[in-house]
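Text of query.cif (mmCIF, C-alpha atoms) as supplied:
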```cif
data_final
#
loop_
_atom_site.label_atom_id
_atom_site.label_comp_id
_atom_site.auth_asym_id
_atom_site.auth_seq_id
_atom_site.Cartn_x
_atom_site.Cartn_y
_atom_site.Cartn_z
CA MET A 1 -20.98 -4.40 -8.38
CA ASN A 2 -22.93 -7.18 -10.10
CA ALA A 3 -24.90 -10.01 -8.48
CA ALA A 4 -22.12 -12.58 -8.98
CA ALA A 5 -19.63 -10.33 -7.13
CA VAL A 6 -22.04 -9.81 -4.23
CA VAL A 7 -22.69 -13.55 -3.93
CA LEU A 8 -18.95 -14.27 -4.22
CA ILE A 9 -18.10 -11.96 -1.32
CA LEU A 10 -21.00 -13.11 0.87
CA VAL A 11 -20.27 -16.81 0.33
CA THR A 12 -16.51 -16.59 0.82
CA CYS A 13 -16.74 -14.38 3.91
CA THR A 14 -19.32 -16.73 5.43
CA ALA A 15 -17.13 -19.73 4.60
CA ALA A 16 -14.08 -18.01 6.12
CA LEU A 17 -15.92 -17.31 9.38
CA LEU A 18 -17.14 -20.91 9.56
CA ASP A 19 -13.74 -22.34 8.64
CA VAL A 20 -12.00 -20.32 11.36
CA ARG A 21 -14.60 -21.30 13.97
CA THR A 22 -15.27 -24.94 13.10
CA ARG A 23 -12.51 -25.87 10.59
CA ARG A 24 -15.25 -26.96 8.18
CA ILE A 25 -17.01 -25.47 5.17
CA PRO A 26 -20.54 -26.88 5.11
CA ASN A 27 -21.71 -28.69 1.97
CA ALA A 28 -25.01 -26.81 2.24
CA LEU A 29 -23.18 -23.51 1.80
CA THR A 30 -21.22 -24.63 -1.25
CA GLY A 31 -24.23 -26.43 -2.73
CA ILE A 32 -26.47 -23.37 -2.49
CA ALA A 33 -23.63 -21.20 -3.77
CA ALA A 34 -23.15 -23.51 -6.78
CA LEU A 35 -26.82 -23.10 -7.67
CA ALA A 36 -26.49 -19.33 -7.18
CA ALA A 37 -23.42 -19.33 -9.46
CA LEU A 38 -25.49 -20.80 -12.24
CA ALA A 39 -28.52 -18.62 -11.48
CA VAL A 40 -26.63 -15.32 -11.63
CA HIS A 41 -25.45 -16.21 -15.14
CA VAL A 42 -28.96 -17.01 -16.45
CA PRO A 43 -29.54 -13.43 -17.71
CA GLY A 44 -26.47 -13.88 -19.94
CA GLY A 45 -28.13 -16.80 -21.69
CA PRO A 46 -27.40 -20.52 -21.88
CA TYR A 47 -23.83 -19.96 -23.08
CA ALA A 48 -23.00 -17.92 -19.97
CA VAL A 49 -24.48 -20.65 -17.75
CA LEU A 50 -22.46 -23.32 -19.57
CA LEU A 51 -19.27 -21.27 -19.18
CA SER A 52 -19.97 -20.93 -15.45
CA LEU A 53 -20.53 -24.68 -15.19
CA ALA A 54 -17.33 -25.32 -17.17
CA ALA A 55 -15.35 -23.01 -14.86
CA MET A 56 -16.74 -24.81 -11.79
CA THR A 57 -15.99 -28.23 -13.24
CA ALA A 58 -12.44 -27.37 -14.32
CA ALA A 59 -11.67 -25.76 -10.96
CA PHE A 60 -13.10 -28.74 -9.10
CA LEU A 61 -11.00 -31.21 -11.09
CA ILE A 62 -7.78 -29.21 -10.72
CA ALA A 63 -8.33 -28.46 -7.02
CA SER A 64 -9.10 -32.15 -6.45
CA LEU A 65 -5.51 -32.90 -7.42
CA ALA A 66 -4.38 -30.53 -4.64
CA PHE A 67 -6.77 -32.34 -2.29
CA THR A 68 -5.28 -35.73 -3.11
CA ALA A 69 -1.82 -34.26 -2.45
CA GLY A 70 -3.06 -33.13 0.96
CA TRP A 71 -2.71 -29.41 0.20
CA PHE A 72 -6.43 -28.52 0.49
CA GLY A 73 -9.42 -29.85 2.34
CA GLY A 74 -12.52 -31.07 0.54
CA GLY A 75 -14.51 -28.00 1.55
CA ASP A 76 -11.79 -25.76 0.11
CA VAL A 77 -11.99 -27.62 -3.21
CA LYS A 78 -15.75 -27.14 -3.42
CA LEU A 79 -15.52 -23.49 -2.38
CA ILE A 80 -12.86 -22.72 -5.00
CA ALA A 81 -15.00 -24.42 -7.65
CA VAL A 82 -18.04 -22.35 -6.67
CA CYS A 83 -15.97 -19.16 -6.73
CA CYS A 84 -14.77 -19.97 -10.24
CA GLY A 85 -18.36 -20.57 -11.29
CA LEU A 86 -19.33 -17.16 -9.95
CA ALA A 87 -16.38 -15.48 -11.69
CA GLY A 88 -17.07 -17.36 -14.91
CA THR A 89 -14.56 -17.46 -17.72
CA PRO A 90 -12.04 -15.93 -18.16
CA GLY A 91 -12.37 -14.32 -14.70
CA ALA A 92 -11.79 -17.64 -12.93
CA VAL A 93 -8.10 -17.62 -13.89
CA ALA A 94 -7.50 -14.23 -12.27
CA LEU A 95 -9.57 -15.23 -9.25
CA VAL A 96 -7.47 -18.35 -8.67
CA LEU A 97 -4.26 -16.33 -8.93
CA TYR A 98 -5.57 -13.86 -6.33
CA VAL A 99 -6.56 -16.78 -4.06
CA LEU A 100 -3.13 -18.39 -4.40
CA ALA A 101 -1.44 -15.07 -3.55
CA ALA A 102 -3.71 -14.64 -0.53
CA GLY A 103 -2.89 -18.23 0.49
CA ALA A 104 0.82 -17.46 0.36
CA VAL A 105 0.29 -14.39 2.55
CA LEU A 106 -1.81 -16.45 4.98
CA ALA A 107 0.89 -19.13 5.20
CA VAL A 108 3.66 -16.60 5.84
CA VAL A 109 1.63 -14.68 8.45
CA SER A 110 0.68 -17.93 10.18
CA ALA A 111 4.29 -19.16 10.15
CA LEU A 112 5.52 -15.83 11.52
CA ALA A 113 2.92 -15.92 14.30
CA ARG A 114 4.04 -19.43 15.30
CA GLY A 115 7.77 -18.70 14.91
CA ARG A 116 8.03 -21.22 12.05
CA LEU A 117 8.96 -19.06 9.07
CA ILE A 118 12.27 -20.85 8.45
CA ALA A 119 10.52 -24.24 8.59
CA LEU A 120 7.95 -22.97 6.08
CA LEU A 121 10.67 -21.79 3.71
CA ARG A 122 12.54 -25.11 4.00
CA SER A 123 9.41 -27.18 3.36
CA THR A 124 8.45 -24.97 0.42
CA ALA A 125 11.93 -25.47 -1.05
CA ALA A 126 11.61 -29.23 -0.54
CA VAL A 127 8.26 -29.30 -2.34
CA ALA A 128 9.71 -27.24 -5.20
CA ALA A 129 12.77 -29.47 -5.47
CA HIS A 130 11.15 -32.86 -5.01
CA GLY A 131 7.48 -32.34 -5.83
CA ALA A 132 6.37 -33.99 -2.61
CA PRO A 133 4.21 -32.41 0.08
CA ALA A 134 5.90 -31.44 3.33
CA ALA A 135 5.86 -34.18 5.95
CA GLN A 136 4.14 -32.08 8.60
CA ALA A 137 2.19 -29.36 6.86
CA ALA A 138 0.30 -27.03 9.14
CA SER A 139 -3.42 -26.93 8.61
CA LEU A 140 -4.74 -23.47 7.77
CA PRO A 141 -8.33 -22.28 7.45
CA TYR A 142 -7.84 -21.78 3.71
CA ALA A 143 -11.29 -20.24 3.30
CA LEU A 144 -9.62 -17.09 4.68
CA ALA A 145 -7.34 -17.05 1.64
CA ILE A 146 -10.25 -17.81 -0.68
CA ALA A 147 -12.19 -14.89 0.81
CA GLY A 148 -9.16 -12.59 0.63
CA GLY A 149 -8.50 -13.53 -2.98
CA SER A 150 -12.18 -13.12 -3.85
CA ILE A 151 -12.37 -9.68 -2.26
CA THR A 152 -9.22 -8.63 -4.15
CA TYR A 153 -10.68 -10.03 -7.37
CA VAL A 154 -13.87 -7.99 -6.96
CA ALA A 155 -11.91 -4.90 -5.87
CA SER A 156 -9.74 -5.23 -9.00
CA SER A 157 -12.80 -4.53 -11.14
CA ILE A 158 -13.20 -1.21 -9.30
CA ILE A 159 -9.55 -0.30 -8.68
CA PRO A 160 -7.56 -0.73 -11.90
CA VAL A 161 -4.15 -0.84 -10.17
CA LEU A 162 -5.14 -4.19 -8.60
CA ARG A 163 -5.81 -5.85 -11.96
CA LEU A 164 -3.52 -8.63 -13.06
CA PRO A 165 -2.04 -8.13 -16.52
CA LEU A 166 -3.43 -11.33 -18.06
#
```

How does this structure look as structure tokens?
Amino acid sequence: MNAAAVVLILVTCTAALLDVRTRRIPNALTGIAALAALAVHVPGGPYAVLLSLAAMTAAFLIASLAFTAGWFGGGDVKLIAVCCGLAGTPGAVALVLYVLAAGAVLAVVSALARGRLIALLRSTAAVAAHGAPAAQAASLPYALAIAGGSITYVASSIIPVLRLPL
């Protein structure tokens, strides 16, 4: 396991614990992690650092759209960007897909636990049909999904059956 993978798991698991406890992801955590994302790519040369920065920037811009739609919190946006910087390119694409899958699992498990699975399915269908966010979306500690997706992403480099065919 390389340094970027270790930092990715440590940062996302820390963020998940904090998000569950306080419903916040501290800027200090994501700021330090962003610097670490760049630092772990220094041995690869300036091109590797630029690719990491590009992955962070692209993820931040795309996730910001989800933030403006009310689908993510600001801390989630910054954490996803940092994770993409740690994964670099092209790994960031796979990482985001693992995070989205983990988010879907988190939403279903949360809805099941609250007896709201049918409401979740209806609101998801409404979003798909009309492109508008659900009127009363439940707030989830999405750092859990980011951590789950990150762990799966790292595990996929060790366990080939987990790899996405991209």

Item to complete: Run through the PyMOL selection byres ((chain A and resi 62-76) around 10) on the given coordinates and return the selected residues as a PyMOL selection string.
Response: chain A and resi 15+19+23-27+29-30+57-61+77-82+132-134+137-143+145-146

Discussion item. On this structure, the PyMOL selection byres ((chain A and resi 148) around 9) would catch which residues? List them as a ChimeraX atom specification, sorted by chain and number.
Written reply: /A:12-13,98-99,102-103,143-147,149-153

What's the 8 Å shell around segment 36-43 of chain A, counting all atoms listed in the file, without same-chain residues fewer than 6 positions away, as a PDB file with C-alpha atoms, in the coordinates of the input?
```
ATOM      1  CA  ALA A   3     -24.900 -10.010  -8.480  1.00  0.00           C
ATOM      2  CA  ALA A   4     -22.120 -12.580  -8.980  1.00  0.00           C
ATOM      3  CA  VAL A   7     -22.690 -13.550  -3.930  1.00  0.00           C
ATOM      4  CA  VAL A  49     -24.480 -20.650 -17.750  1.00  0.00           C
ATOM      5  CA  SER A  52     -19.970 -20.930 -15.450  1.00  0.00           C
ATOM      6  CA  LEU A  53     -20.530 -24.680 -15.190  1.00  0.00           C
ATOM      7  CA  VAL A  82     -18.040 -22.350  -6.670  1.00  0.00           C
ATOM      8  CA  CYS A  83     -15.970 -19.160  -6.730  1.00  0.00           C
ATOM      9  CA  GLY A  85     -18.360 -20.570 -11.290  1.00  0.00           C
ATOM     10  CA  LEU A  86     -19.330 -17.160  -9.950  1.00  0.00           C
TER      11      LEU A  86
END
```

Worksheet item: Which one is closest to Ser157 of chain A: A:Gly44, A:Asn2, A:Gly115, A:Val93? Count all atoms listed in the file.
Response: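 Result for the nearest residue to Ser157 of chain A: A:Asn2.
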
Worksheet item: Taking into account all atoms listed in the file, which residue in the set A:Val108, A:Arg114, A:Ala54, A:Ala119 is nearest to Thr89 of chain A?
Response: A:Ala54
